[in-house]
Protein chains: 2
Amino acid sequence: MTPLRIDLTADEIPDHWYNIAADLSTPPSPPLGPDGQPVSPEAMAAIFPGPILEQEMSSRRWIPIPEEVRQIYAQWRPAPLVRALRLEQMLGTPAKIFYKYEGVSAAGSHKPNSAVPQAYFNQRAGTKRLTTETGAGQWGSSIAYAGQMFGLPVRVFMVKVSFEQKPFRRSMMQTWGAEVFASPTALTQAGRAALAADPDCQGSLGLAISEAVEEAAADPQTCYTLGSVLNHVLLHQTVMGLEAKKQFAKIGLYPDVIFGPCGGGSSFGGIAFPFLADQAAGDRQARDLRCVAVEPSSCPTLTKGAYTYDYGDASGYTPIMKMYTLGHNFMPPGIHAGGLRYHGASPLVSQLFHEKRIEALAVPQVATFEAGIQFARAEGIIPAPESCHAIRAVIDEALACKATGEARTILFCLTGHGHFDMASYDRYFSGKLEDYDYPAEAISESLKHLPKVG
Amino acid sequence: MTPLRIDLTADEIPDHWYNIAADLSTPPSPPLGPDGQPVSPEAMAAIFPGPILEQEMSSRRWIPIPEEVRQIYAQWRPAPLVRALRLEQMLGTPAKIFYKYEGVSAAGSHKPNSAVPQAYFNQRAGTKRLTTETGAGQWGSSIAYAGQMFGLPVRVFMVKVSFEQKPFRRSMMQTWGAEVFASPTALTQAGRAALAADPDCQGSLGLAISEAVEEAAADPQTCYTLGSVLNHVLLHQTVMGLEAKKQFAKIGLYPDVIFGPCGGGSSFGGIAFPFLADQAAGDRQARDLRCVAVEPSSCPTLTKGAYTYDYGDASGYTPIMKMYTLGHNFMPPGIHAGGLRYHGASPLVSQLFHEKRIEALAVPQVATFEAGIQFARAEGIIPAPESCHAIRAVIDEALACKATGEARTILFCLTGHGHFDMASYDRYFSGKLEDYDYPAEAISESLKHLPKVG
């Protein structure tokens with residue numbers, strides 16, 4: 001039988017994460033506080049536990065994965081690497097297409113890869129409770145799951161409009177024992193102020209962040225968690241790329257090009273960074289490797305944004321970070337890949353893009369669903385809308401190979417299944433899914449309101 | 001690291017299915033037609049292709065799994081066998097609990113195990129189109145997926161009320177390229193008659209069956225498929241139990257008791273029959289094995305039904321089969337485990353129960369969700385409501401072990417994840433989920449209307 005799925009055993013789960021900060025040409029620019037000075041570790045310690053802060057700041061190349069984390073990882077990891085042979089045949093391409101499938105986790109996406117160590121290090125550091133915000137609920141459900149695995153209560157501030165319109169992820173968080181509140185709440189100053197201004201306020205991600213951060217800052221035993229953007233999150237996600245490297249080694253192949261969907265950057269960083277490590281180390285097989293971040297053309301952070309300091313959230317509560325950004329005021333159109341609706345990109349991904357070590361590509365919404373459906377009909381798995389972005393780029397690359405006759409080896413990150421996104425597929429089939437014009441004016445307006453630095 | 005997950009490689013996917021008909025003390029009773037005589041193979045051939053009919057009637061113990069089917073199985077099989085160590089610890093039981101997890105398939109359940117070979121044998125036999133009925137959509141989506149894998153168009157008659165209220169499984173079928181119609185349709189005589197009688201008819205599973213069968217019977221190139229009850233479906237599902245046996249052999253263990261949810265019987269048969277094969281062969285380690293079918297107390301087919309000939313469908317269109325039944329007129333309460341709302345049980349499972357080779361147990365709805373949530377908090381995976389029935393029985397067994405100090409090895413079939421069933425969990429958390437009284441009167445009334453035989 002042709003081995004279409006390359007599996008590893010549980011003892012092949014990596015025992016270290018890869019920290020790309022060790023392989024940057026210049027150290028990452030630090031986050032800055034309201035005074036324009038680098039945020040002190042003490043200030044960060046109000047909301048993050050010591051081990052997480054250490055990882056966030058670390059320039060050590062390899063960071064050990066604790067045995068307790070590997071034990072929980074083993075509930076679904078190593079995740080399969082699969083050859084998409086039927087898709088290749090359908091396209092008639094000489095390219096070899098592989099996908100790393102992360103939909104096998106309990107939450108159905110790659111997010112638990114970081115939720116689990118975040119919960120673990122918090123529990124070890126004596127944290128008694130976790131807070132977070134969530135939009136559609138992907139991160140919220142992952143941290144609810146991870147908190148449960150380490151006995152830590154989790155409080156999730158869920159944007160009110162999602163809380164009411166998307167009850168399924170909410171029930172998922174409750175199943176894992178989390179408290180879920182429709183944000184704004186009366187539990188925080190930020191929430192009370194929003195409700196005083198508008199009792200019918202439907203909430204926003206920025207507001208939910210400020211509620212979650214406020215609770216964490218107010219109580220020394222409560223810490224805050226988030227699911228993308230920051231260095232330690234991308235660090236944890238490298239378990240995906242590290243596994244994929246072992247899997248390729250088993251079949252004597254190495255990718256020529258890697259595609260990953262890119263919003264905050266956690267899945268893209270997770271799949272690409274370990275291969276960029278080979279490139280940094282001068283490994284011959286990685287010499288011509290291309291890593292391509294795929295983003296929505298209606299939220300084109302890397303391809304159309306500015307590389308500058310900006311807030312991480314819409315409300316301007318967080319420290320400012322050096323990154324590609326469309327401006328924190330930019331409100332992306334309501335595309336169905338909620339995980340890619342972010343005005344910025346992770347500082348690490350941004351720096352790599354700025355240094356031209358990675359590429360970026362923007363694709364329109366309808367074409368991503370077309371690609372996702374073609375993939376489902378070939379490979380069976382129905383992809384999450386975020387993953388459909390990578391698949392669009394993969395299919396286009398494979399068709400380019402068909403035109404030139406090049407048998408490139410393509411890898412992409414299939415970040416999750418689309419079982420919670422069938423309403424979006426339904427819109428596609430009923431002809432109601434739309435493309436958005438490139439929001440040029442909104443972006444240039446938003447870029448006028450960047451924070452001042454120095 | 002403790003090996004909590006016992007994985008097999010792709011080449012360890014079984015190459016034969018196990019046919020328990022070879023190990024029954026008396027041959028299975030044949031299905032009977034309206035004339036009271038065994039249905040002729042010719043009559044069955046109007047809706048089933050030759051190879052499927054052969055399997056349905058076969059008494060050969062081992063039936064080869066074609067390489068093409070194993071190739072598609074390899075998209076998600078071998079499915080993991082997992083030790084539920086965290087659940088054991090939570091319960092404080094000396095029992096060892098293992099689950100065979102079938103939620104890793106593209107459709108999220110065990111149903112593709114039979115959908116794939118059904119599509120394959122149809123395609124090989126020259127069938128050009130498949131029909132089926134579906135209620136909530138679990139089987140419909142699995143056959144849509146499988147048809148797509150073998151290039152066979154699939155037409156699904158979906159009960160109208162589900163079509164309108166549960167669009168997600170419908171979009172899933174469409175993603176896999178199936179035509180999905182709200183039944184009753186104007187495409188069939190049965191549908192037109194129902195619409196003439198009541199233009200607002202909301203449909204029923206029985207009506208959808210008759211539409212799908214009518215289309216298959218009317219066109220020599222169209223065949224009918226179904227996802228449970230019949231011998232060939234249970235045969236295909238034995239791939240689960242056969243894998244589980246290999247996995248137990250790797251760790252030098254053997255189950256003392258096996259639990260599976262039981263509606264039509266496909267998942268229960270699939271997990272239990274290969275172990276019953278050992279018992280039939282006189283294998284010492286299987287001597288005291290108990291296999292327990294777990295059903296809803298509101299639809300207690302095995303525990304409260306009659307063992308007699310009855311129709312397979314509610315409308316009386318199908319041949320009659322010897323089975324445990326609550327009467328084909330019995331309308332089960334609207335429990336959330338849709339896959340267990342069936343008035344009968346597979347003839348094979350029924351015969352084994354009648355011969356006291358297996359046991360049965362009925363559990364009430366709310367307690368099944370409590371068990372499912374306890375499982376999710378221990379093991380991460382959120383189970384489908386059908387699986388929650390097995391989990392209730394497993395937890396009760398493990399607590400009995402705690403009381404007696406016995407370290408029994410327990411296996412159960414985790415038939416699928418609950419990602420499409422979060423609305424049911426939501427009802428639980430909002431306190432709206434209810435238990436139904438045992439419908440004694442409805443059952444005794446329904447049992448008065450069994451078909452006459454001979």
# chains A, B, ... in the order shown; residues from 1 in each chain; ligands from 1
>>> interface_residues(of="chain A", to="chain B", cutoff="8 Å", atoms="only C-alpha atoms", output="number ranges by chain")
A: 1-5, 7, 9-11, 67, 71, 74-75, 104, 106-107, 145, 148-149, 167-169, 171-172, 174-177, 373, 376-382, 419-420, 422-423, 425-426, 429
>>> select_by_dssp(residues="stretch 364-400 of chain A", states="alpha helix (DSSP H)", output="NGL selection string")
:A and (365-379 or 385-400)
>>> atom_distance(atom1="atom CA of A:Ile209", atom2="atom CA of A:Ala384")
24.1 Å
>>> atom_distance(atom1="atom CA of A:Phe98", atom2="atom CA of A:Ile410")
6.0 Å
>>> select_by_dssp(residues="stretch 84-237 of chain A", states="strand (DSSP E)", output="MDAnalysis selection string")
chainID A and resid 96:101 129:134 154:159 179:183 222:224
>>> atom_distance(atom1="atom CA of A:Gly36", atom2="atom CA of A:Lys322")
12.3 Å
>>> residues_around(residues="A:Phe273", least_positions_apart="6", cutoff="9 Å", atoms="only C-alpha atoms", output="PyMOL selection string")
chain A and resi 18-20+234-235+238+241-242+291
>>> write_last_selection(atoms="all heavy atoms", output="mmCIF file, in the first residue's frame")
data_model
loop_
_atom_site.group_PDB
_atom_site.id
_atom_site.type_symbol
_atom_site.label_atom_id
_atom_site.label_comp_id
_atom_site.auth_asym_id
_atom_site.auth_seq_id
_atom_site.Cartn_x
_atom_site.Cartn_y
_atom_site.Cartn_z
ATOM 1 N N TYR A 18 11.219 24.890 19.294
ATOM 2 C CA TYR A 18 12.259 25.677 18.633
ATOM 3 C C TYR A 18 11.945 27.170 18.753
ATOM 4 O O TYR A 18 10.854 27.613 18.385
ATOM 5 C CB TYR A 18 12.358 25.278 17.162
ATOM 6 C CG TYR A 18 13.174 26.252 16.330
ATOM 7 C CD1 TYR A 18 14.536 26.442 16.590
ATOM 8 C CD2 TYR A 18 12.578 27.001 15.312
ATOM 9 C CE1 TYR A 18 15.281 27.347 15.856
ATOM 10 C CE2 TYR A 18 13.328 27.900 14.563
ATOM 11 C CZ TYR A 18 14.675 28.072 14.845
ATOM 12 O OH TYR A 18 15.411 28.974 14.114
ATOM 13 N N ASN A 19 12.899 27.927 19.227
ATOM 14 C CA ASN A 19 12.734 29.367 19.411
ATOM 15 C C ASN A 19 13.494 30.129 18.322
ATOM 16 O O ASN A 19 14.727 30.234 18.371
ATOM 17 C CB ASN A 19 13.265 29.750 20.800
ATOM 18 C CG ASN A 19 13.128 31.236 21.064
ATOM 19 O OD1 ASN A 19 12.418 31.947 20.339
ATOM 20 N ND2 ASN A 19 13.812 31.713 22.101
ATOM 21 N N ILE A 20 12.766 30.678 17.383
ATOM 22 C CA ILE A 20 13.418 31.320 16.238
ATOM 23 C C ILE A 20 14.095 32.632 16.630
ATOM 24 O O ILE A 20 14.923 33.157 15.868
ATOM 25 C CB ILE A 20 12.416 31.535 15.076
ATOM 26 C CG1 ILE A 20 13.176 31.673 13.743
ATOM 27 C CG2 ILE A 20 11.519 32.742 15.330
ATOM 28 C CD1 ILE A 20 12.310 31.534 12.507
ATOM 29 N N LEU A 234 3.910 31.247 19.512
ATOM 30 C CA LEU A 234 4.511 30.689 18.295
ATOM 31 C C LEU A 234 5.537 29.619 18.645
ATOM 32 O O LEU A 234 5.651 28.591 17.958
ATOM 33 C CB LEU A 234 5.133 31.798 17.435
ATOM 34 C CG LEU A 234 4.138 32.509 16.499
ATOM 35 C CD1 LEU A 234 3.103 33.329 17.248
ATOM 36 C CD2 LEU A 234 4.852 33.358 15.464
ATOM 37 N N LEU A 235 6.256 29.860 19.741
ATOM 38 C CA LEU A 235 7.204 28.852 20.222
ATOM 39 C C LEU A 235 6.515 27.502 20.426
ATOM 40 O O LEU A 235 6.955 26.473 19.907
ATOM 41 C CB LEU A 235 7.809 29.332 21.552
ATOM 42 C CG LEU A 235 8.666 28.300 22.297
ATOM 43 C CD1 LEU A 235 10.050 28.225 21.669
ATOM 44 C CD2 LEU A 235 8.756 28.619 23.784
ATOM 45 N N THR A 238 5.589 25.409 17.408
ATOM 46 C CA THR A 238 6.613 24.774 16.573
ATOM 47 C C THR A 238 6.603 23.252 16.694
ATOM 48 O O THR A 238 7.252 22.566 15.895
ATOM 49 C CB THR A 238 8.042 25.282 16.899
ATOM 50 O OG1 THR A 238 8.351 24.984 18.258
ATOM 51 C CG2 THR A 238 8.171 26.768 16.633
ATOM 52 N N GLY A 241 5.758 21.889 13.194
ATOM 53 C CA GLY A 241 6.814 21.831 12.182
ATOM 54 C C GLY A 241 7.902 20.829 12.548
ATOM 55 O O GLY A 241 8.467 20.160 11.675
ATOM 56 N N LEU A 242 8.186 20.715 13.850
ATOM 57 C CA LEU A 242 9.218 19.760 14.276
ATOM 58 C C LEU A 242 8.782 18.326 13.980
ATOM 59 O O LEU A 242 9.579 17.507 13.512
ATOM 60 C CB LEU A 242 9.515 19.952 15.768
ATOM 61 C CG LEU A 242 10.210 21.287 16.097
ATOM 62 C CD1 LEU A 242 10.139 21.578 17.600
ATOM 63 C CD2 LEU A 242 11.661 21.289 15.621
ATOM 64 N N CYS A 291 8.868 29.922 2.346
ATOM 65 C CA CYS A 291 7.765 29.836 3.314
ATOM 66 C C CYS A 291 6.814 30.989 3.028
ATOM 67 O O CYS A 291 7.232 32.152 3.028
ATOM 68 C CB CYS A 291 8.278 29.931 4.746
ATOM 69 S SG CYS A 291 9.310 28.528 5.213
#
